[in-house]
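See structure below.
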Amino acid sequence: MNLTEELKKLGVDVDEGLNRVMGDRSLYEMMLGMFVDAVKDNPVSLEDFDRGDQELLAKRVHMLKGVTGNLSITPLFMGYQKMLGLLRDGCAEAAKMEFERILPIQAQILDCIKQ
């Protein structure tokens, strides 16, 4: 199975993502690699919630929401969108629970892209 088929199985709307880059599969795959880098360079971790720096956390979540939205990585986009709303509403504990929910999904998608 190829990358796009694997991503589709994980809930990524690959067709929409490809539409966003005018069907350029190489560009889309390159951008998926940039997503891997974005997660590495701007990580969100469970410890971030415990540190209480809501501004930095919201900034990182907002960036990841944008990247996942642009690539149509729908399960993560929806999760980050929900987290951002919760953080903006001052509900850090609920945002943390949402992050815990999407963390294994993110790990699967990242592993798929890296292969």
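Ordering of the structure tokens sets the chain letters (A, B, ...), residue numbers begin anew at 1 in every chain, and ligands are numbered from 1 in the order given.
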
Practice task
For Glu55 (chain A), list every protein, DNA or RNA residue within 12 Å, evaluated using only C-alpha atoms, and leave out those in the same chain fewer than 3 positions away; present the list as a PyMOL selection string.
Solution key: chain A and resi 48-49+51-52+58-62+84+87-88+90+92

Practice task
Tell me, as a list in words, which residues lie within 8 Å of region 79-83 of chain A, counting only C-alpha atoms; anything in the same chain fewer than 3 positions away does not count.
Solution key: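 Residues near the query, excluding close chain neighbours: Val61, His62, Leu64, Lys65, Pro75, Leu76, Leu86, Leu87, Ala94, Ala95, Lys96, Glu98, Phe99 and Ile102 of chain A.
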
Generate the output file for the selected residues, C-alpha atoms, as a tab-separated table (two decimals), in the first residue's frame.
```tsv
chain	number	residue	atom	x	y	z
A	61	VAL	CA	-1.72	24.54	18.75
A	62	HIS	CA	-2.82	27.30	16.36
A	64	LEU	CA	-0.46	22.90	14.04
A	65	LYS	CA	-4.16	23.47	13.41
A	75	PRO	CA	-8.53	13.96	12.46
A	76	LEU	CA	-5.72	16.15	13.74
A	86	LEU	CA	-10.86	25.23	24.70
A	87	LEU	CA	-7.59	27.02	25.41
A	94	ALA	CA	-10.37	19.87	28.68
A	95	ALA	CA	-7.83	20.86	26.00
A	96	LYS	CA	-5.33	18.49	27.60
A	98	GLU	CA	-8.46	16.36	23.76
A	99	PHE	CA	-4.71	16.32	23.17
A	102	ILE	CA	-5.47	12.78	19.41
```

Problem - Closest of A:Leu110, A:Met1, A:Val14, A:Met78 to Asp37 (chain A) - atom-to-atom distances counting only C-alpha atoms - result: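 Of the candidates, the smallest distance to Asp37 (chain A) is held by A:Leu110.
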
Completion exercise
Judged by only C-alpha atoms, the minimum distance to Met31 (chain A) among A:Cys112, A:Val12, A:Val67, A:Leu103 is found for A:Val67

Exercise for the section: For Thr4 (chain A), list every protein, DNA or RNA residue within 10 Å, evaluated using only C-alpha atoms, and leave out those in the same chain fewer than 6 positions away; present the list as a PyMOL selection string. Expected result: chain A and resi 10+12-15+18+25+28-29+112-113

Problem - Who sits within 9 Å of Ala38 (chain A), only C-alpha atoms, same chain under 4 positions skipped, as a list in words - result: Gly33, Met34, Asn42, Pro43, Met63, Leu64 and Val67 of chain A

Give me a file of those residues, with N, CA and C atoms, as a short mmCIF file (atom, residue, chain, number, x, y, z; two decimals), in the first residue's frame.
```cif
data_model
loop_
_atom_site.label_atom_id
_atom_site.label_comp_id
_atom_site.auth_asym_id
_atom_site.auth_seq_id
_atom_site.Cartn_x
_atom_site.Cartn_y
_atom_site.Cartn_z
N GLY A 33 6.04 16.08 4.72
CA GLY A 33 7.33 16.08 5.41
C GLY A 33 7.52 17.33 6.24
N MET A 34 7.03 18.46 5.73
CA MET A 34 7.11 19.71 6.48
C MET A 34 6.23 19.64 7.73
N ASN A 42 7.90 22.53 16.76
CA ASN A 42 6.93 23.24 17.61
C ASN A 42 6.09 22.22 18.36
N PRO A 43 6.75 21.40 19.16
CA PRO A 43 6.00 20.31 19.79
C PRO A 43 5.01 20.80 20.84
N MET A 63 -0.69 26.95 15.24
CA MET A 63 0.17 26.65 14.11
C MET A 63 -0.10 25.25 13.58
N LEU A 64 -0.21 24.27 14.47
CA LEU A 64 -0.46 22.90 14.04
C LEU A 64 -1.86 22.74 13.46
N VAL A 67 -1.50 23.97 9.84
CA VAL A 67 -0.77 23.01 8.99
C VAL A 67 -1.63 21.80 8.68
#
```

Problem - Residue among A:Asn2, A:Asn19, A:Gln106, A:Ser26 lying closest to Phe77 (chain A), counting only C-alpha atoms - result: A:Gln106

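For the set A:Asp111, A:Glu93, A:Arg101, A:Asn70, the residue with the smallest atom-to-atom gap to Arg20 (chain A) is A:Asn70, counting only C-alpha atoms.
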
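For the set A:Pro104, A:Gly69, A:Leu46, A:Gln54, the residue with the smallest atom-to-atom gap to Cys91 (chain A) is A:Gln54, counting only C-alpha atoms.
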
Problem - CA of Lys40 (chain A) to CA of Lys9 (chain A), distance in Å rounded to a single decimal - result: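 Distance between the two atoms: 23.3 Å.
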
Handout entry: Interatomic distance (Å, one decimal) between CA of Phe35 (chain A) and CA of Gly85 (chain A)
Key =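 Answer for the CA of Phe35 (chain A) to CA of Gly85 (chain A) separation: 21.4 Å.
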
Exercise for the section: Using backbone DSSP assignments, extract all helix (DSSP H, G or I) residues from chain A; output them as a PyMOL selection string. Expected result: chain A and resi 3-9+14-20+25-41+46-51+54-70+74-88+92-114
